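query-v2.pdb follows; it contains PDB, C-alpha atoms.
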```pdb
ATOM      1  CA  MET A 122       2.736  23.470  85.394
ATOM      2  CA  ALA A 123       5.416  20.951  84.386
ATOM      3  CA  SER A 124       4.594  18.922  81.307
ATOM      4  CA  LYS A 125       4.225  15.184  81.627
ATOM      5  CA  LEU A 126       6.821  12.902  80.096
ATOM      6  CA  ARG A 127       6.894   9.364  78.815
ATOM      7  CA  ALA A 128       9.619   7.027  80.020
ATOM      8  CA  ALA A 129      10.544   3.589  78.669
ATOM      9  CA  LEU A 130      12.466   0.912  80.559
ATOM     10  CA  ILE A 131      13.991  -1.750  78.320
ATOM     11  CA  GLN A 132      14.332  -4.998  80.260
ATOM     12  CA  LEU A 133      16.804  -6.730  77.963
ATOM     13  CA  LYS A 134      17.841 -10.370  77.987
ATOM     14  CA  THR A 135      21.581  -9.930  77.583
ATOM     15  CA  SER A 136      23.775 -12.060  75.358
ATOM     16  CA  PRO A 137      27.473 -12.917  75.832
ATOM     17  CA  ILE A 138      28.008 -11.492  72.328
ATOM     18  CA  LYS A 139      28.278  -7.718  72.673
ATOM     19  CA  HIS A 140      26.966  -6.804  69.239
ATOM     20  CA  GLU A 141      23.902  -9.003  69.688
ATOM     21  CA  ASN A 142      22.984  -6.801  72.636
ATOM     22  CA  PHE A 143      23.394  -3.684  70.511
ATOM     23  CA  THR A 144      21.173  -5.181  67.820
ATOM     24  CA  ARG A 145      18.502  -6.247  70.296
ATOM     25  CA  VAL A 146      18.415  -2.868  72.069
ATOM     26  CA  ALA A 147      18.116  -1.097  68.728
ATOM     27  CA  SER A 148      15.271  -3.395  67.681
ATOM     28  CA  LEU A 149      13.335  -3.056  70.945
ATOM     29  CA  LEU A 150      13.790   0.694  70.962
ATOM     30  CA  ARG A 151      12.674   1.003  67.350
ATOM     31  CA  GLN A 152       9.519  -0.994  68.131
ATOM     32  CA  THR A 153       8.805   1.073  71.223
ATOM     33  CA  VAL A 154       9.240   4.382  69.399
ATOM     34  CA  ALA A 155       6.934   3.178  66.625
ATOM     35  CA  GLN A 156       4.226   2.298  69.158
ATOM     36  CA  ASN A 157       4.407   5.585  71.063
ATOM     37  CA  ASP A 158       3.926   9.129  69.840
ATOM     38  CA  LYS A 159       6.820  10.434  71.888
ATOM     39  CA  LEU A 160       9.443   9.092  74.246
ATOM     40  CA  ASP A 161      11.261  11.529  76.505
ATOM     41  CA  LEU A 162      13.447   9.176  78.532
ATOM     42  CA  VAL A 163      14.711   5.657  77.888
ATOM     43  CA  VAL A 164      16.556   3.542  80.463
ATOM     44  CA  LEU A 165      18.634   0.401  79.827
ATOM     45  CA  PRO A 166      19.699  -2.210  82.420
ATOM     46  CA  GLU A 167      22.922  -2.582  84.350
ATOM     47  CA  CYS A 168      25.607  -4.319  82.251
ATOM     48  CA  PHE A 169      23.353  -4.196  79.213
ATOM     49  CA  ASN A 170      26.137  -5.069  76.760
ATOM     50  CA  SER A 171      27.637  -8.095  78.505
ATOM     51  CA  PRO A 172      27.072 -10.760  81.151
ATOM     52  CA  TYR A 173      27.174  -9.511  84.739
ATOM     53  CA  SER A 174      30.239 -11.388  85.947
ATOM     54  CA  VAL A 175      33.339 -10.525  87.963
ATOM     55  CA  GLN A 176      35.282 -12.938  85.756
ATOM     56  CA  LEU A 177      34.166 -11.139  82.573
ATOM     57  CA  PHE A 178      34.333  -7.441  83.439
ATOM     58  CA  ARG A 179      37.913  -7.185  82.186
ATOM     59  CA  LYS A 180      37.115  -9.049  78.964
ATOM     60  CA  TYR A 181      34.228  -6.726  78.053
ATOM     61  CA  CYS A 182      35.586  -3.424  79.341
ATOM     62  CA  GLU A 183      36.216  -0.519  77.000
ATOM     63  CA  ALA A 184      37.112   3.131  77.169
ATOM     64  CA  SER A 185      34.689   6.021  77.030
ATOM     65  CA  PRO A 186      33.948   8.045  74.969
ATOM     66  CA  SER A 187      36.098   6.315  72.365
ATOM     67  CA  GLY A 188      34.634   2.816  72.813
ATOM     68  CA  GLU A 189      32.021   1.151  70.638
ATOM     69  CA  THR A 190      29.399   1.004  73.410
ATOM     70  CA  THR A 191      29.520   4.764  73.931
ATOM     71  CA  GLN A 192      29.255   5.320  70.192
ATOM     72  CA  PHE A 193      26.300   2.931  69.910
ATOM     73  CA  LEU A 194      24.431   4.660  72.731
ATOM     74  CA  SER A 195      25.136   8.097  71.295
ATOM     75  CA  ASP A 196      23.897   7.036  67.867
ATOM     76  CA  ILE A 197      20.567   5.627  69.059
ATOM     77  CA  ALA A 198      19.883   8.606  71.329
ATOM     78  CA  LYS A 199      20.459  10.918  68.374
ATOM     79  CA  GLU A 200      18.496   8.720  65.940
ATOM     80  CA  HIS A 201      15.380   8.682  68.104
ATOM     81  CA  LYS A 202      15.871  12.135  69.672
ATOM     82  CA  ILE A 203      15.583  10.800  73.204
ATOM     83  CA  THR A 204      17.320  11.282  76.512
ATOM     84  CA  LEU A 205      18.993   7.936  77.140
ATOM     85  CA  VAL A 206      20.284   6.478  80.400
ATOM     86  CA  GLY A 207      22.527   3.857  78.851
ATOM     87  CA  GLY A 208      22.255   1.241  81.584
ATOM     88  CA  SER A 209      25.813   0.487  82.537
ATOM     89  CA  PHE A 210      28.874  -1.235  81.095
ATOM     90  CA  PRO A 211      32.412  -2.080  82.233
ATOM     91  CA  GLU A 212      34.421   1.069  81.535
ATOM     92  CA  SER A 213      38.227   1.087  81.449
ATOM     93  CA  ASP A 214      40.164   4.159  82.509
ATOM     94  CA  ASP A 215      43.914   3.615  82.565
ATOM     95  CA  ASP A 216      44.341   0.562  84.791
ATOM     96  CA  VAL A 217      40.972   0.795  86.565
ATOM     97  CA  ILE A 218      37.643  -0.714  85.505
ATOM     98  CA  TYR A 219      34.403   0.919  86.606
ATOM     99  CA  ASN A 220      30.748  -0.048  86.358
ATOM    100  CA  THR A 221      29.638   3.058  84.494
ATOM    101  CA  SER A 222      26.369   4.608  83.341
ATOM    102  CA  LEU A 223      26.343   7.294  80.651
ATOM    103  CA  VAL A 224      23.450   9.641  79.934
ATOM    104  CA  PHE A 225      22.911  11.138  76.474
ATOM    105  CA  ASN A 226      20.747  14.021  75.333
ATOM    106  CA  PRO A 227      18.618  13.892  72.166
ATOM    107  CA  SER A 228      21.592  15.170  70.158
ATOM    108  CA  GLY A 229      23.668  12.162  71.230
ATOM    109  CA  GLU A 230      25.914  14.163  73.540
ATOM    110  CA  ILE A 231      27.015  12.805  76.925
ATOM    111  CA  ILE A 232      25.445  14.897  79.671
ATOM    112  CA  ALA A 233      26.251  12.702  82.682
ATOM    113  CA  LYS A 234      28.531   9.886  83.773
ATOM    114  CA  HIS A 235      28.018   7.845  86.936
ATOM    115  CA  ARG A 236      30.517   5.304  88.161
ATOM    116  CA  LYS A 237      28.950   2.893  90.641
ATOM    117  CA  THR A 238      29.944   4.196  94.056
ATOM    118  CA  HIS A 239      28.993   1.201  96.213
ATOM    119  CA  LEU A 240      30.452  -2.092  95.034
ATOM    120  CA  PHE A 241      28.415  -5.265  95.405
ATOM    121  CA  ASP A 242      30.479  -7.374  97.803
ATOM    122  CA  VAL A 243      28.243  -9.940  99.486
ATOM    123  CA  ASP A 244      28.504 -13.499 100.699
ATOM    124  CA  ILE A 245      25.251 -15.232 101.608
ATOM    125  CA  PRO A 246      26.219 -18.829 102.465
ATOM    126  CA  GLY A 247      24.579 -21.373 100.220
ATOM    127  CA  LYS A 248      22.924 -18.727  98.049
ATOM    128  CA  ILE A 249      25.216 -16.137  96.484
ATOM    129  CA  SER A 250      28.769 -14.851  96.714
ATOM    130  CA  PHE A 251      29.799 -11.898  94.575
ATOM    131  CA  GLN A 252      32.769  -9.557  94.989
ATOM    132  CA  GLU A 253      32.806  -6.661  92.534
ATOM    133  CA  SER A 254      35.778  -5.077  94.296
ATOM    134  CA  ARG A 255      38.018  -7.917  93.122
ATOM    135  CA  VAL A 256      37.978  -6.285  89.682
ATOM    136  CA  LEU A 257      36.135  -2.959  89.805
ATOM    137  CA  GLY A 258      37.052   0.403  91.224
ATOM    138  CA  ALA A 259      34.436   2.517  92.980
ATOM    139  CA  GLY A 260      33.228   5.859  91.689
ATOM    140  CA  SER A 261      33.974   8.938  93.765
ATOM    141  CA  SER A 262      30.992  11.194  93.090
ATOM    142  CA  ASN A 263      27.230  11.419  93.318
ATOM    143  CA  THR A 264      25.589  12.170  89.980
ATOM    144  CA  VAL A 265      22.786  14.578  89.138
ATOM    145  CA  PHE A 266      21.851  15.786  85.658
ATOM    146  CA  THR A 267      19.246  18.111  84.188
ATOM    147  CA  LEU A 268      16.622  16.346  82.096
ATOM    148  CA  PRO A 269      16.450  17.992  78.665
ATOM    149  CA  GLY A 270      13.072  19.542  77.940
ATOM    150  CA  GLN A 271      12.047  19.593  81.601
ATOM    151  CA  ASN A 272      14.589  21.834  83.313
ATOM    152  CA  ARG A 273      14.397  19.464  86.266
ATOM    153  CA  ASN A 274      17.106  17.400  87.869
ATOM    154  CA  VAL A 275      17.446  13.623  87.992
ATOM    155  CA  GLY A 276      19.639  11.611  90.334
ATOM    156  CA  LEU A 277      21.486   8.559  89.017
ATOM    157  CA  GLY A 278      22.747   5.451  90.806
ATOM    158  CA  ILE A 279      23.576   1.885  89.835
ATOM    159  CA  CYS A 280      22.060  -1.191  91.498
ATOM    160  CA  TYR A 281      23.755  -1.568  94.916
ATOM    161  CA  ASP A 282      23.758   2.243  95.261
ATOM    162  CA  LEU A 283      20.011   1.850  95.887
ATOM    163  CA  ARG A 284      20.685   0.321  99.313
ATOM    164  CA  PHE A 285      22.363   3.508 100.504
ATOM    165  CA  PRO A 286      19.674   6.149 101.074
ATOM    166  CA  GLU A 287      22.244   8.933 101.241
ATOM    167  CA  VAL A 288      22.667   8.733  97.443
ATOM    168  CA  ALA A 289      19.051   9.757  96.898
ATOM    169  CA  HIS A 290      19.124  12.240  99.796
ATOM    170  CA  VAL A 291      21.970  14.141  98.154
ATOM    171  CA  ALA A 292      20.220  14.270  94.774
ATOM    172  CA  THR A 293      16.727  15.183  95.963
ATOM    173  CA  ARG A 294      17.577  17.817  98.566
ATOM    174  CA  ALA A 295      18.576  21.410  97.897
ATOM    175  CA  PRO A 296      20.300  22.656  95.879
ATOM    176  CA  HIS A 297      19.618  19.878  93.337
ATOM    177  CA  ASN A 298      16.009  19.004  94.244
ATOM    178  CA  ALA A 299      15.875  16.062  91.844
ATOM    179  CA  PHE A 300      12.343  14.903  91.043
ATOM    180  CA  MET A 301      13.442  11.433  89.991
ATOM    181  CA  MET A 302      16.015   8.770  90.835
ATOM    182  CA  VAL A 303      17.063   6.327  88.119
ATOM    183  CA  TYR A 304      18.818   3.053  88.955
ATOM    184  CA  PRO A 305      19.914   0.604  86.280
ATOM    185  CA  GLY A 306      20.256  -2.553  88.382
ATOM    186  CA  ALA A 307      20.673  -6.302  88.358
ATOM    187  CA  PHE A 308      19.464  -7.670  91.671
ATOM    188  CA  ASN A 309      19.650 -11.461  91.773
ATOM    189  CA  THR A 310      17.032 -14.099  92.515
ATOM    190  CA  THR A 311      18.073 -14.219  96.188
ATOM    191  CA  THR A 312      17.954 -10.522  97.099
ATOM    192  CA  GLY A 313      15.484  -9.436  94.413
ATOM    193  CA  PRO A 314      12.343 -11.042  95.862
ATOM    194  CA  LEU A 315      13.268  -9.688  99.297
ATOM    195  CA  HIS A 316      14.332  -6.128  98.664
ATOM    196  CA  TRP A 317      14.009  -4.896  95.047
ATOM    197  CA  GLU A 318      10.523  -3.403  95.345
ATOM    198  CA  PRO A 319      10.663  -2.405  99.041
ATOM    199  CA  LEU A 320      13.885  -0.453  98.514
ATOM    200  CA  ALA A 321      12.490   1.313  95.454
ATOM    201  CA  ARG A 322       9.360   2.297  97.359
ATOM    202  CA  ALA A 323      11.402   3.406 100.363
ATOM    203  CA  ARG A 324      13.600   5.698  98.259
ATOM    204  CA  ALA A 325      10.487   7.144  96.608
ATOM    205  CA  ILE A 326       8.692   7.796  99.906
ATOM    206  CA  ASP A 327      11.731   9.090 101.795
ATOM    207  CA  ASN A 328      12.598  11.566  99.066
ATOM    208  CA  GLN A 329       9.147  12.236  97.588
ATOM    209  CA  CYS A 330      10.359  11.480  94.098
ATOM    210  CA  TYR A 331       9.828   9.061  91.235
ATOM    211  CA  VAL A 332      12.072   6.000  91.202
ATOM    212  CA  LEU A 333      12.817   4.123  87.975
ATOM    213  CA  MET A 334      14.672   0.804  88.155
ATOM    214  CA  CYS A 335      15.657  -1.122  85.035
ATOM    215  CA  SER A 336      16.889  -4.715  85.294
ATOM    216  CA  PRO A 337      18.104  -7.242  82.758
ATOM    217  CA  ALA A 338      15.617 -10.000  82.009
ATOM    218  CA  ARG A 339      16.225 -13.323  83.722
ATOM    219  CA  ASP A 340      18.352 -15.879  81.895
ATOM    220  CA  LEU A 341      18.153 -19.292  83.542
ATOM    221  CA  GLU A 342      21.227 -20.430  81.600
ATOM    222  CA  ALA A 343      23.416 -17.605  82.907
ATOM    223  CA  LYS A 344      25.618 -18.066  85.947
ATOM    224  CA  TYR A 345      24.244 -14.849  87.471
ATOM    225  CA  LYS A 346      20.460 -14.842  87.278
ATOM    226  CA  ALA A 347      18.932 -11.374  87.333
ATOM    227  CA  TYR A 348      15.646 -10.899  89.142
ATOM    228  CA  GLY A 349      14.020  -8.784  86.433
ATOM    229  CA  HIS A 350      10.898  -6.898  87.554
ATOM    230  CA  SER A 351      11.898  -3.451  86.285
ATOM    231  CA  LEU A 352       9.550  -0.937  87.841
ATOM    232  CA  VAL A 353       8.350   2.635  88.190
ATOM    233  CA  VAL A 354       7.349   4.041  91.603
ATOM    234  CA  ASP A 355       5.631   7.377  92.164
ATOM    235  CA  PRO A 356       6.425   9.930  94.937
ATOM    236  CA  MET A 357       3.817   8.391  97.249
ATOM    237  CA  GLY A 358       5.425   4.964  96.986
ATOM    238  CA  LYS A 359       2.863   3.470  94.620
ATOM    239  CA  VAL A 360       4.180   1.019  92.017
ATOM    240  CA  LEU A 361       2.852   2.370  88.726
ATOM    241  CA  MET A 362       4.252  -0.378  86.517
ATOM    242  CA  GLU A 363       6.271  -3.553  87.050
ATOM    243  CA  ALA A 364       7.676  -6.040  84.567
ATOM    244  CA  ASN A 365       7.837  -9.775  85.081
ATOM    245  CA  LYS A 366      11.086 -11.744  84.784
ATOM    246  CA  ASP A 367      11.137 -11.942  80.968
ATOM    247  CA  GLU A 368      12.331  -9.547  78.304
ATOM    248  CA  GLN A 369       9.895  -6.683  77.894
ATOM    249  CA  VAL A 370       9.574  -2.913  77.684
ATOM    250  CA  LEU A 371       7.671  -0.775  80.183
ATOM    251  CA  VAL A 372       6.326   2.572  78.990
ATOM    252  CA  CYS A 373       5.004   4.832  81.729
ATOM    253  CA  GLU A 374       3.740   8.394  81.925
ATOM    254  CA  ILE A 375       5.498  10.512  84.534
ATOM    255  CA  ASP A 376       3.964  13.662  86.004
ATOM    256  CA  PRO A 377       6.704  15.881  87.488
ATOM    257  CA  GLY A 378       4.018  18.106  88.950
ATOM    258  CA  MET A 379       3.046  15.314  91.326
ATOM    259  CA  VAL A 380       6.410  15.701  93.029
ATOM    260  CA  ASP A 381       5.678  19.367  93.707
ATOM    261  CA  THR A 382       2.243  18.497  95.090
ATOM    262  CA  VAL A 383       3.497  15.732  97.373
ATOM    263  CA  ARG A 384       6.357  17.855  98.697
ATOM    264  CA  GLN A 385       3.940  20.696  99.403
ATOM    265  CA  ASN A 386       1.304  18.495 101.055
ATOM    266  CA  ILE A 387       3.769  16.592 103.244
ATOM    267  CA  PRO A 388       6.582  19.139 103.688
ATOM    268  CA  THR A 389       9.270  16.917 105.169
ATOM    269  CA  GLY A 390      11.857  18.815 103.146
ATOM    270  CA  HIS A 391      11.297  21.849 105.387
ATOM    271  CA  GLN A 392      10.865  19.916 108.612
ATOM    272  CA  ARG A 393      14.116  18.027 108.944
ATOM    273  CA  ARG A 394      16.042  18.577 112.181
ATOM    274  CA  PHE A 395      19.596  18.851 110.903
ATOM    275  CA  ASP A 396      20.534  20.209 114.311
ATOM    276  CA  LEU A 397      19.784  16.708 115.646
ATOM    277  CA  TYR A 398      21.145  14.402 112.948
ATOM    278  CA  GLY A 399      23.081  16.414 110.380
ATOM    279  CA  ASP A 400      22.595  16.808 106.658
ATOM    280  CA  VAL A 401      24.380  14.275 104.457
ATOM    281  CA  SER A 402      23.780  16.461 101.398
ATOM    282  CA  LYS A 403      25.862  19.304 102.827
ATOM    283  CA  ASP A 404      29.265  19.445 101.107
ATOM    284  CA  ALA A 405      28.483  16.268  99.151
ATOM    285  CA  VAL A 406      30.520  15.683  96.006
ATOM    286  CA  VAL A 407      28.132  15.908  93.049
ATOM    287  CA  THR A 408      28.902  16.023  89.331
ATOM    288  CA  ASP A 409      27.166  15.346  86.046
ATOM    289  CA  ILE A 410      30.246  14.334  84.038
TER     290      ILE A 410
END
```
Please express the file's structure as structure tokens.
Amino acid sequence: MASKLRAALIQLKTSPIKHENFTRVASLLRQTVAQNDKLDLVVLPECFNSPYSVQLFRKYCEASPSGETTQFLSDIAKEHKITLVGGSFPESDDDVIYNTSLVFNPSGEIIAKHRKTHLFDVDIPGKISFQESRVLGAGSSNTVFTLPGQNRNVGLGICYDLRFPEVAHVATRAPHNAFMMVYPGAFNTTTGPLHWEPLARARAIDNQCYVLMCSPARDLEAKYKAYGHSLVVDPMGKVLMEANKDEQVLVCEIDPGMVDTVRQNIPTGHQRRFDLYGDVSKDAVVTDI
């Protein structure tokens, strides 16, 4: 039987000063490790090292793995011997900037890189207008990595990727069979109350997997106001834990064996009619790095 694991979601209130975010993450993580016997997986929010702003992506972007954000994430993963999903940050690669999430093993080595594949381009009159594609390039691959110590796969997306169920379908179906989807995200106060939790529960139910979503805390002084409410959903669609809007850390026990039980009891994975509607996971482009 698969061993249970303990996951921590760090809902950080981000600062416009990059190194203040590093210091705060390190402090919150140190406190969380001290209060828990063992942490297996830690998740940071989308754009954890900078404000979430089209106007500022270029200012804060840096290369990977040579940049200071990558080095910081590697160091804290190694220090605390954790698997770390490092939220996301603006990553520069030649002339293109990506919204990128890096995953580190307990030795501080990069084991996965996901570049946000679906860019947040929306215009809701009188409420919010945001166009990531004005500055960012889109990633060209789905991302699945093996969770150290579990020998099980995890799918990775970033924020707006959540709205596209195909991302989770690819990760959770054969041959990858991911038991968990992780989404660093920063839904806003318009779309968050409407769709943040329902989409997380939908992805969990559709794919019979855990869903972990980690948001920045809400900053009423920021131009872009994150919704907060980081959460953990189990394979039956039950919300196990949910944060409020403020800075806080969620620590939740995950039972991978529950995924096996749910998939056996309700065997939708063996009952799909691909002869009627096709299989989006077939020939999908999937990488870890």
Counting all atoms listed in the file, figure out which residue out of A:Pro166, A:Gly260, A:Gly378, A:Gly390 gets nearest to Ile218 (chain A).
A:Gly260
So which residues get picked by the PyMOL selection byres ((chain A and resi 319) around 12) here, written as a PyMOL selection string?
chain A and resi 283-284+312-318+320-327+332+352+354+358-360
Dump as a Markdown table the rows for residues of region 141-174 of chain A within 9 Å of region 192-211 of chain A: closest atom pair and distance in Å with one decimal, only C-alpha atoms counted, ordered by chain and rising residue number.
```
| residue | atom | partner | partner_atom | distance |
| --- | --- | --- | --- | --- |
| A:Phe143 | CA | A:Phe193 | CA | 7.3 |
| A:Ala147 | CA | A:Ile197 | CA | 7.2 |
| A:Leu150 | CA | A:Ile197 | CA | 8.6 |
| A:Arg151 | CA | A:His201 | CA | 8.2 |
| A:Val154 | CA | A:His201 | CA | 7.6 |
| A:Lys159 | CA | A:Ile203 | CA | 8.9 |
| A:Leu160 | CA | A:Ile203 | CA | 6.5 |
| A:Asp161 | CA | A:Ile203 | CA | 5.5 |
| A:Leu162 | CA | A:Thr204 | CA | 4.8 |
| A:Val163 | CA | A:Leu205 | CA | 4.9 |
| A:Val164 | CA | A:Val206 | CA | 4.7 |
| A:Leu165 | CA | A:Gly208 | CA | 4.1 |
| A:Pro166 | CA | A:Gly208 | CA | 4.4 |
| A:Glu167 | CA | A:Ser209 | CA | 4.6 |
| A:Cys168 | CA | A:Phe210 | CA | 4.6 |
| A:Phe169 | CA | A:Gly208 | CA | 6.0 |
| A:Asn170 | CA | A:Phe210 | CA | 6.4 |
| A:Ser171 | CA | A:Phe210 | CA | 7.4 |
```
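Listed by chain and then by number, the residues chosen by the PyMOL selection byres ((chain A and resi 368) around 10) in this file are Ile131, Gln132, Leu133, Lys134, Thr135, Leu149, Ser336, Pro337, Ala338, Arg339, Asp340, Gly349, His350, Ala364, Asn365, Lys366, Asp367, Gln369 and Val370 of chain A.
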Go ahead and save the residues from that selection, with C-alpha atoms, as a JSON list (two decimals), in the frame of the given file.
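Saved result, result-v3.json, follows:
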```json
[["chain", "number", "residue", "atom", "x", "y", "z"],
["A", 131, "ILE", "CA", 13.99, -1.75, 78.32],
["A", 132, "GLN", "CA", 14.33, -5.00, 80.26],
["A", 133, "LEU", "CA", 16.80, -6.73, 77.96],
["A", 134, "LYS", "CA", 17.84, -10.37, 77.99],
["A", 135, "THR", "CA", 21.58, -9.93, 77.58],
["A", 149, "LEU", "CA", 13.34, -3.06, 70.94],
["A", 336, "SER", "CA", 16.89, -4.72, 85.29],
["A", 337, "PRO", "CA", 18.10, -7.24, 82.76],
["A", 338, "ALA", "CA", 15.62, -10.00, 82.01],
["A", 339, "ARG", "CA", 16.23, -13.32, 83.72],
["A", 340, "ASP", "CA", 18.35, -15.88, 81.90],
["A", 349, "GLY", "CA", 14.02, -8.78, 86.43],
["A", 350, "HIS", "CA", 10.90, -6.90, 87.55],
["A", 364, "ALA", "CA", 7.68, -6.04, 84.57],
["A", 365, "ASN", "CA", 7.84, -9.78, 85.08],
["A", 366, "LYS", "CA", 11.09, -11.74, 84.78],
["A", 367, "ASP", "CA", 11.14, -11.94, 80.97],
["A", 369, "GLN", "CA", 9.90, -6.68, 77.89],
["A", 370, "VAL", "CA", 9.57, -2.91, 77.68]]
```
Best match for closeness to Pro269 (chain A) among A:Ala233, A:Thr144, A:Pro172, A:Val353, counting all atoms listed in the file:
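Closest to Pro269 (chain A) of all the choices is A:Ala233.
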Measuring atom to atom with only C-alpha atoms, identify which of A:Asp158, A:Val372, A:Ile279, A:Val383 is nearest to Met334 (chain A).
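Residue with the minimum atom-to-atom distance to Met334 (chain A): A:Ile279.
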Report the residues retrieved by the PyMOL selection byres ((chain A and resi 330) around 7) from the displayed file, expressed as a VMD selection string.
chain A and resid 300 to 301 325 328 to 329 331 to 332 355 to 356 380
Let's have the selection written as a PDB file, keeping the file's coordinate frame, with C-alpha atoms.
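Once everything was written out, this is part.pdb:
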```
ATOM      1  CA  PHE A 300      12.343  14.903  91.043  1.00  0.00           C
ATOM      2  CA  MET A 301      13.442  11.433  89.991  1.00  0.00           C
ATOM      3  CA  ALA A 325      10.487   7.144  96.608  1.00  0.00           C
ATOM      4  CA  ASN A 328      12.598  11.566  99.066  1.00  0.00           C
ATOM      5  CA  GLN A 329       9.147  12.236  97.588  1.00  0.00           C
ATOM      6  CA  TYR A 331       9.828   9.061  91.235  1.00  0.00           C
ATOM      7  CA  VAL A 332      12.072   6.000  91.202  1.00  0.00           C
ATOM      8  CA  ASP A 355       5.631   7.377  92.164  1.00  0.00           C
ATOM      9  CA  PRO A 356       6.425   9.930  94.937  1.00  0.00           C
ATOM     10  CA  VAL A 380       6.410  15.701  93.029  1.00  0.00           C
TER      11      VAL A 380
END
```
Report, in Å with one decimal, the straight-line distance from CA of Ser254 (chain A) to CA of Cys182 (chain A).
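Distance reported for this atom pair: 15.0 Å.
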Considering all atoms listed in the file, can you say which of A:Val288, A:Val265, A:Ala405, A:Cys280 comes closest to Ser351 (chain A)?
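Checking each of A:Val288, A:Val265, A:Ala405, A:Cys280 against Ser351 (chain A), counting all atoms listed in the file, the winner is A:Cys280.
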Only all heavy atoms, as a CSV table (one decimal), in the first residue's frame: that is what I want for region 360-365 of chain A.
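As written to disk, decode-v2.csv reads:
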```csv
chain,number,residue,atom,x,y,z
A,360,VAL,N,-13.3,19.0,-0.6
A,360,VAL,CA,-12.3,20.0,-0.3
A,360,VAL,C,-11.8,19.6,1.1
A,360,VAL,O,-12.5,19.7,2.1
A,360,VAL,CB,-12.8,21.4,-0.3
A,360,VAL,CG1,-11.7,22.4,0.2
A,360,VAL,CG2,-13.3,21.8,-1.7
A,361,LEU,N,-10.5,19.2,1.2
A,361,LEU,CA,-9.9,18.8,2.5
A,361,LEU,C,-9.5,19.9,3.3
A,361,LEU,O,-9.6,19.9,4.5
A,361,LEU,CB,-8.7,17.8,2.2
A,361,LEU,CG,-9.0,16.5,1.5
A,361,LEU,CD1,-7.8,15.7,1.3
A,361,LEU,CD2,-10.1,15.7,2.2
A,362,MET,N,-8.9,20.9,2.7
A,362,MET,CA,-8.4,22.1,3.4
A,362,MET,C,-8.6,23.3,2.4
A,362,MET,O,-8.4,23.2,1.2
A,362,MET,CB,-7.0,22.0,3.8
A,362,MET,CG,-6.7,20.9,4.8
A,362,MET,SD,-5.1,21.0,5.5
A,362,MET,CE,-5.3,22.4,6.7
A,363,GLU,N,-8.9,24.5,3.0
A,363,GLU,CA,-8.9,25.7,2.2
A,363,GLU,C,-8.5,26.9,3.0
A,363,GLU,O,-8.9,27.0,4.2
A,363,GLU,CB,-10.3,26.0,1.7
A,363,GLU,CG,-10.4,27.2,0.8
A,363,GLU,CD,-11.8,27.4,0.2
A,363,GLU,OE1,-12.7,26.5,0.3
A,363,GLU,OE2,-12.0,28.4,-0.6
A,364,ALA,N,-7.6,27.7,2.5
A,364,ALA,CA,-7.1,28.9,3.2
A,364,ALA,C,-8.2,30.0,3.0
A,364,ALA,O,-9.1,29.9,2.3
A,364,ALA,CB,-5.8,29.4,2.6
A,365,ASN,N,-8.0,31.1,3.8
A,365,ASN,CA,-8.7,32.3,3.5
A,365,ASN,C,-8.0,33.2,2.6
A,365,ASN,O,-7.2,32.7,1.8
A,365,ASN,CB,-9.1,33.0,4.9
A,365,ASN,CG,-7.8,33.3,5.7
A,365,ASN,OD1,-6.7,33.5,5.1
A,365,ASN,ND2,-7.9,33.3,7.0
```
